[in-house]
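Worksheet: the structure to be examined is printed underneath.
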Amino acid sequence: MRHRTALLTALLALLALNAVGVAGYMVISGMSFIDALWMTVITLTTVGYREVHDLDTAGRLFTIGLLVGGLGIVFYSATLVARDVIEGEIQHTLGRRRVQRQIAHVADHYIVCGFGRMGRIVCKELSAKPADFVVVEHGAEGVRSAEEAQYLCIAGDATEDSVLLEAGIKRARGLVAALSTDSDNVYVVLTARELNSDLLIVARAEDERSERKLLHAGASRVVSPYVIGGHRMAHSLLRPAVLDVIDLATHYQSIELQIEEVALARGGFAEGVTLRELAIAESANIIVVALKRANGEMLFNPPLDARMHVGDRLVLIGQPSSLREIEQRLQGTSA
């Protein structure tokens, strides 16, 4: 902002010098407005055309002063522009290196490929969790938007091995393929699955016919915006109250009710702990919706004597603060 103010001041000074030049030639040499303007312009631009009228000593001295003042302002303005460009490049380079260092140290994170409409929503949800993630975006406008949102961002093609490796795919927990075309998402899924066989991959499908291809390429789950949108519209007609509860429980800004998925990690409760021993419902007023085993088996409304093992996940509904407390207990962390 300081440099922009200085540059604006220099431009205003140049315009003022033009006005002084026109007035000076009209007064000192008795020129018309057009002739005075012509003399001022050819003097300040150092074009070197022939003078309109022969100048006397006073006119020549005025021309020398006008020429020196004009060149000084022009050189000063050029210096300001060059400094802004050079400093901008340096700051951009240092900023990219800082981001690269941060990405190099992040682990157990998510990679969001594509910062379009769907990618932005995914990033907003991950940021609200909060969960660590890295954005991979090819377009310059998308990169600027991600950087303005202060997200870790890599400018590159997500279908390239080197770009995903730079994003830390070997250390990542999951990846979202949200590029604009299904073919690009297929390439991303293939590349990501090859680089990390244990990665959770969620892919966006524009066309329902692409779902099978994405699953075959290695996607863990495929999401079609049009299919989901159609289901929501039908539920709005048939089950509006149910949809209201789901929206309330899944919105990241909800302070009344949320639905959460919590895994039993090593370092948390002992292996084989029962839901009764966890005392979730009694201590935190939380509803246990389901227990998902590590092998994929799903138990809805599990009994209190159901035992949890490392990798098992609980689907819970309750207040956000209570859910965070339970998550910390199961993960073996503290607030």
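Every chain in the structure tokens takes a letter, A first, then B, and so on in the order presented; its residues are numbered from 1, and the ligands are numbered from 1 following the presented order.
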Using only C-alpha atoms, determine which residues lie at most 12 Å from region 230-236 of chain A, disregarding the query and same-chain residues fewer than 6 positions distant; provide the list as a compact mmCIF listing (two decimals) with C-alpha atoms, in the first residue's frame.
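The result, written out as result_23.txt:
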```txt
# COMPACT_ATOMS: atom_id res chain seq x y z
CA SER A 224 -22.29 -37.87 -7.87
CA VAL A 242 -35.78 -36.06 8.66
CA LEU A 243 -33.82 -33.91 6.25
CA ASP A 244 -33.88 -30.99 8.70
CA VAL A 245 -32.36 -33.18 11.42
CA ILE A 246 -29.68 -34.49 9.05
CA ASP A 247 -28.81 -30.98 7.88
```
Sort by chain and increasing residue number a table of all residues of region 117-157 of chain A within 12 Å of region 164-187 of chain A, each with its closest pair of atoms and their distance in Å to one decimal, counting only C-alpha atoms, and write it as CSV.
```
residue,atom,partner,partner_atom,distance
A:Arg117,CA,A:Ala178,CA,9.0
A:Met118,CA,A:Ala178,CA,6.6
A:Gly119,CA,A:Ala178,CA,5.9
A:Arg120,CA,A:Ala178,CA,9.7
A:Ile121,CA,A:Ala178,CA,10.6
A:Val122,CA,A:Val176,CA,8.4
A:Cys123,CA,A:Val176,CA,10.0
A:Leu126,CA,A:Val176,CA,11.3
A:Ala131,CA,A:Arg173,CA,10.6
A:Asp132,CA,A:Ala172,CA,9.6
A:Phe133,CA,A:Ala172,CA,8.7
A:Val134,CA,A:Ala167,CA,6.4
A:Val135,CA,A:Ala167,CA,8.0
A:Val136,CA,A:Ala167,CA,7.5
A:Glu137,CA,A:Leu179,CA,8.8
A:His138,CA,A:Leu179,CA,9.7
A:Gly139,CA,A:Leu179,CA,11.0
A:Gly142,CA,A:Leu179,CA,11.7
A:Leu152,CA,A:Ala167,CA,9.3
A:Cys153,CA,A:Ala167,CA,8.5
A:Ile154,CA,A:Ala167,CA,7.1
A:Ala155,CA,A:Ala167,CA,10.2
A:Gly156,CA,A:Leu164,CA,9.0
A:Asp157,CA,A:Leu164,CA,8.6
```
- Neighbour list for Val20 (chain A) as a PyMOL selection string, cut-off 12 Å, only C-alpha atoms, skip fewer than 5 positions in-chain: chain A and resi 13-15+25-28+36-37+39-41+44+62-63+65-67+69-70
Original post:
In terms of the shortest atom-to-atom distance over only C-alpha atoms, which of A:Ala203, A:Ala140, A:Val74, A:Val22 is closest to Val112 (chain A)?
Top reply: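 Comparing A:Ala203, A:Ala140, A:Val74, A:Val22 against Val112 (chain A), the winner is A:Ala203.
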Could you tell me, as a PyMOL selection string, which residues of region 7-235 of chain A DSSP assigns to strand (DSSP E) when given the backbone?
chain A and resi 110-113+133-137+153-155+174-177+200-204+221-223
- Using backbone DSSP assignments, extract all helix (DSSP H, G or I) residues from region 54-265 of chain A; output them as number ranges by chain. A: 57-105, 117-128, 140-148, 161-166, 182-195, 210-217, 225-238, 240-250
Legend entry - Distance criterion (only C-alpha atoms): nearest to Thr191 (chain A) out of A:Ile73, A:Ile326, A:Ala217, A:Val106: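 Result for the nearest residue to Thr191 (chain A): A:Ala217.
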Atomic separation - CA of Ser127 (chain A) relative to CA of Val262 (chain A), Å: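 CA of Ser127 (chain A) lies at a distance of 17.5 Å from CA of Val262 (chain A).
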Please list as a PDB file with N, CA and C atoms, in the first residue's frame every residue within 10 Å of region 304-315 of chain A, counting only C-alpha atoms and excluding residues in the same chain fewer than 2 positions away.
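File produced: around06.pdb:
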```
ATOM      1  N   ILE A 259     -23.481 -34.990  14.092  1.00  0.00           N
ATOM      2  CA  ILE A 259     -23.232 -36.418  13.964  1.00  0.00           C
ATOM      3  C   ILE A 259     -21.752 -36.590  13.647  1.00  0.00           C
ATOM      4  N   GLU A 260     -21.120 -37.502  14.340  1.00  0.00           N
ATOM      5  CA  GLU A 260     -19.674 -37.645  14.225  1.00  0.00           C
ATOM      6  C   GLU A 260     -19.284 -39.109  14.154  1.00  0.00           C
ATOM      7  N   GLU A 261     -18.158 -39.362  13.529  1.00  0.00           N
ATOM      8  CA  GLU A 261     -17.595 -40.712  13.433  1.00  0.00           C
ATOM      9  C   GLU A 261     -16.260 -40.722  14.175  1.00  0.00           C
ATOM     10  N   VAL A 262     -16.127 -41.592  15.155  1.00  0.00           N
ATOM     11  CA  VAL A 262     -14.943 -41.627  16.011  1.00  0.00           C
ATOM     12  C   VAL A 262     -14.372 -43.039  16.013  1.00  0.00           C
ATOM     13  N   ALA A 263     -13.061 -43.133  15.807  1.00  0.00           N
ATOM     14  CA  ALA A 263     -12.397 -44.439  15.769  1.00  0.00           C
ATOM     15  C   ALA A 263     -11.643 -44.684  17.071  1.00  0.00           C
ATOM     16  N   LEU A 264     -11.571 -45.949  17.477  1.00  0.00           N
ATOM     17  CA  LEU A 264     -10.760 -46.330  18.629  1.00  0.00           C
ATOM     18  C   LEU A 264      -9.329 -46.514  18.143  1.00  0.00           C
ATOM     19  N   ALA A 265      -8.440 -45.651  18.623  1.00  0.00           N
ATOM     20  CA  ALA A 265      -7.047 -45.687  18.183  1.00  0.00           C
ATOM     21  C   ALA A 265      -6.167 -46.318  19.252  1.00  0.00           C
ATOM     22  N   ARG A 266      -4.994 -46.731  18.834  1.00  0.00           N
ATOM     23  CA  ARG A 266      -4.016 -47.248  19.799  1.00  0.00           C
ATOM     24  C   ARG A 266      -3.611 -46.121  20.738  1.00  0.00           C
ATOM     25  N   GLY A 267      -3.559 -46.418  22.000  1.00  0.00           N
ATOM     26  CA  GLY A 267      -3.275 -45.388  22.989  1.00  0.00           C
ATOM     27  C   GLY A 267      -4.523 -44.853  23.643  1.00  0.00           C
ATOM     28  N   GLY A 268      -5.701 -45.241  23.105  1.00  0.00           N
ATOM     29  CA  GLY A 268      -6.959 -44.831  23.715  1.00  0.00           C
ATOM     30  C   GLY A 268      -7.347 -45.832  24.792  1.00  0.00           C
ATOM     31  N   PHE A 269      -8.632 -46.239  24.812  1.00  0.00           N
ATOM     32  CA  PHE A 269      -9.088 -47.242  25.764  1.00  0.00           C
ATOM     33  C   PHE A 269      -8.462 -48.595  25.436  1.00  0.00           C
ATOM     34  N   ALA A 270      -8.540 -49.481  26.380  1.00  0.00           N
ATOM     35  CA  ALA A 270      -7.941 -50.805  26.200  1.00  0.00           C
ATOM     36  C   ALA A 270      -8.667 -51.578  25.102  1.00  0.00           C
ATOM     37  N   GLU A 271      -7.945 -52.459  24.454  1.00  0.00           N
ATOM     38  CA  GLU A 271      -8.518 -53.318  23.421  1.00  0.00           C
ATOM     39  C   GLU A 271      -9.644 -54.162  24.015  1.00  0.00           C
ATOM     40  N   GLY A 272     -10.797 -54.209  23.326  1.00  0.00           N
ATOM     41  CA  GLY A 272     -11.919 -55.006  23.783  1.00  0.00           C
ATOM     42  C   GLY A 272     -12.822 -54.313  24.770  1.00  0.00           C
ATOM     43  N   VAL A 273     -12.706 -53.001  24.916  1.00  0.00           N
ATOM     44  CA  VAL A 273     -13.563 -52.262  25.839  1.00  0.00           C
ATOM     45  C   VAL A 273     -15.000 -52.303  25.344  1.00  0.00           C
ATOM     46  N   THR A 274     -15.957 -52.407  26.250  1.00  0.00           N
ATOM     47  CA  THR A 274     -17.373 -52.456  25.873  1.00  0.00           C
ATOM     48  C   THR A 274     -17.963 -51.055  25.874  1.00  0.00           C
ATOM     49  N   LEU A 275     -19.102 -50.915  25.210  1.00  0.00           N
ATOM     50  CA  LEU A 275     -19.780 -49.629  25.190  1.00  0.00           C
ATOM     51  C   LEU A 275     -20.261 -49.255  26.583  1.00  0.00           C
ATOM     52  N   ARG A 276     -20.608 -50.274  27.397  1.00  0.00           N
ATOM     53  CA  ARG A 276     -21.026 -49.995  28.774  1.00  0.00           C
ATOM     54  C   ARG A 276     -19.864 -49.399  29.567  1.00  0.00           C
ATOM     55  N   GLU A 277     -18.664 -49.944  29.357  1.00  0.00           N
ATOM     56  CA  GLU A 277     -17.482 -49.426  30.062  1.00  0.00           C
ATOM     57  C   GLU A 277     -17.126 -48.018  29.581  1.00  0.00           C
ATOM     58  N   LEU A 278     -17.407 -47.727  28.327  1.00  0.00           N
ATOM     59  CA  LEU A 278     -17.163 -46.380  27.837  1.00  0.00           C
ATOM     60  C   LEU A 278     -18.139 -45.378  28.455  1.00  0.00           C
ATOM     61  N   ALA A 279     -19.332 -45.853  28.793  1.00  0.00           N
ATOM     62  CA  ALA A 279     -20.352 -45.015  29.442  1.00  0.00           C
ATOM     63  C   ALA A 279     -20.597 -43.731  28.656  1.00  0.00           C
ATOM     64  N   ILE A 280     -20.719 -43.897  27.340  1.00  0.00           N
ATOM     65  CA  ILE A 280     -20.892 -42.721  26.485  1.00  0.00           C
ATOM     66  C   ILE A 280     -22.242 -42.063  26.727  1.00  0.00           C
ATOM     67  N   ALA A 281     -23.312 -42.843  26.676  1.00  0.00           N
ATOM     68  CA  ALA A 281     -24.655 -42.271  26.798  1.00  0.00           C
ATOM     69  C   ALA A 281     -24.872 -41.630  28.166  1.00  0.00           C
ATOM     70  N   ILE A 287     -25.975 -40.193  21.751  1.00  0.00           N
ATOM     71  CA  ILE A 287     -26.662 -41.347  21.186  1.00  0.00           C
ATOM     72  C   ILE A 287     -25.695 -42.115  20.287  1.00  0.00           C
ATOM     73  N   VAL A 288     -25.576 -43.419  20.544  1.00  0.00           N
ATOM     74  CA  VAL A 288     -24.741 -44.275  19.710  1.00  0.00           C
ATOM     75  C   VAL A 288     -25.614 -44.815  18.580  1.00  0.00           C
ATOM     76  N   VAL A 289     -25.376 -44.350  17.364  1.00  0.00           N
ATOM     77  CA  VAL A 289     -26.190 -44.755  16.213  1.00  0.00           C
ATOM     78  C   VAL A 289     -25.734 -46.100  15.671  1.00  0.00           C
ATOM     79  N   ALA A 290     -24.431 -46.285  15.528  1.00  0.00           N
ATOM     80  CA  ALA A 290     -23.934 -47.517  14.913  1.00  0.00           C
ATOM     81  C   ALA A 290     -22.499 -47.766  15.330  1.00  0.00           C
ATOM     82  N   LEU A 291     -22.087 -49.012  15.203  1.00  0.00           N
ATOM     83  CA  LEU A 291     -20.712 -49.431  15.409  1.00  0.00           C
ATOM     84  C   LEU A 291     -20.238 -50.106  14.129  1.00  0.00           C
ATOM     85  N   LYS A 292     -19.220 -49.541  13.508  1.00  0.00           N
ATOM     86  CA  LYS A 292     -18.689 -50.108  12.278  1.00  0.00           C
ATOM     87  C   LYS A 292     -17.373 -50.791  12.573  1.00  0.00           C
ATOM     88  N   ARG A 293     -17.330 -52.088  12.312  1.00  0.00           N
ATOM     89  CA  ARG A 293     -16.113 -52.851  12.548  1.00  0.00           C
ATOM     90  C   ARG A 293     -15.045 -52.504  11.511  1.00  0.00           C
ATOM     91  N   ALA A 294     -13.811 -52.815  11.843  1.00  0.00           N
ATOM     92  CA  ALA A 294     -12.712 -52.567  10.923  1.00  0.00           C
ATOM     93  C   ALA A 294     -12.856 -53.364   9.635  1.00  0.00           C
ATOM     94  N   ASN A 295     -13.561 -54.500   9.703  1.00  0.00           N
ATOM     95  CA  ASN A 295     -13.758 -55.336   8.508  1.00  0.00           C
ATOM     96  C   ASN A 295     -14.952 -54.900   7.664  1.00  0.00           C
ATOM     97  N   GLY A 296     -15.623 -53.790   8.059  1.00  0.00           N
ATOM     98  CA  GLY A 296     -16.746 -53.278   7.290  1.00  0.00           C
ATOM     99  C   GLY A 296     -18.104 -53.643   7.839  1.00  0.00           C
ATOM    100  N   GLU A 297     -18.184 -54.570   8.800  1.00  0.00           N
ATOM    101  CA  GLU A 297     -19.469 -54.956   9.381  1.00  0.00           C
ATOM    102  C   GLU A 297     -20.079 -53.776  10.132  1.00  0.00           C
ATOM    103  N   MET A 298     -21.391 -53.566   9.952  1.00  0.00           N
ATOM    104  CA  MET A 298     -22.078 -52.441  10.568  1.00  0.00           C
ATOM    105  C   MET A 298     -23.133 -52.944  11.545  1.00  0.00           C
ATOM    106  N   LEU A 299     -23.064 -52.491  12.807  1.00  0.00           N
ATOM    107  CA  LEU A 299     -24.046 -52.821  13.837  1.00  0.00           C
ATOM    108  C   LEU A 299     -24.811 -51.564  14.199  1.00  0.00           C
ATOM    109  N   PHE A 300     -26.111 -51.518  13.841  1.00  0.00           N
ATOM    110  CA  PHE A 300     -26.936 -50.371  14.175  1.00  0.00           C
ATOM    111  C   PHE A 300     -27.496 -50.534  15.585  1.00  0.00           C
ATOM    112  N   ASN A 301     -27.527 -49.439  16.332  1.00  0.00           N
ATOM    113  CA  ASN A 301     -27.976 -49.440  17.720  1.00  0.00           C
ATOM    114  C   ASN A 301     -27.334 -50.605  18.481  1.00  0.00           C
ATOM    115  N   PRO A 302     -25.997 -50.617  18.550  1.00  0.00           N
ATOM    116  CA  PRO A 302     -25.282 -51.762  19.139  1.00  0.00           C
ATOM    117  C   PRO A 302     -25.608 -51.929  20.616  1.00  0.00           C
ATOM    118  N   ILE A 317     -24.299 -39.205  17.799  1.00  0.00           N
ATOM    119  CA  ILE A 317     -25.041 -37.954  17.671  1.00  0.00           C
ATOM    120  C   ILE A 317     -25.083 -37.291  19.039  1.00  0.00           C
ATOM    121  N   GLU A 327     -14.212 -38.093  21.459  1.00  0.00           N
ATOM    122  CA  GLU A 327     -13.173 -38.326  20.457  1.00  0.00           C
ATOM    123  C   GLU A 327     -11.794 -38.301  21.093  1.00  0.00           C
ATOM    124  N   LEU A 330     -11.298 -41.627  23.032  1.00  0.00           N
ATOM    125  CA  LEU A 330     -11.063 -42.795  22.172  1.00  0.00           C
ATOM    126  C   LEU A 330      -9.727 -42.698  21.433  1.00  0.00           C
TER     127      LEU A 330
END
```
CA of Ala219 (chain A) sits from CA of Val189 (chain A) at a separation of 6.1 Å
### Atomic distance CA of Ser210 (chain A) - CA of Val227 (chain A), expressed in Å with one decimal
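Distance between the two atoms: 12.6 Å.
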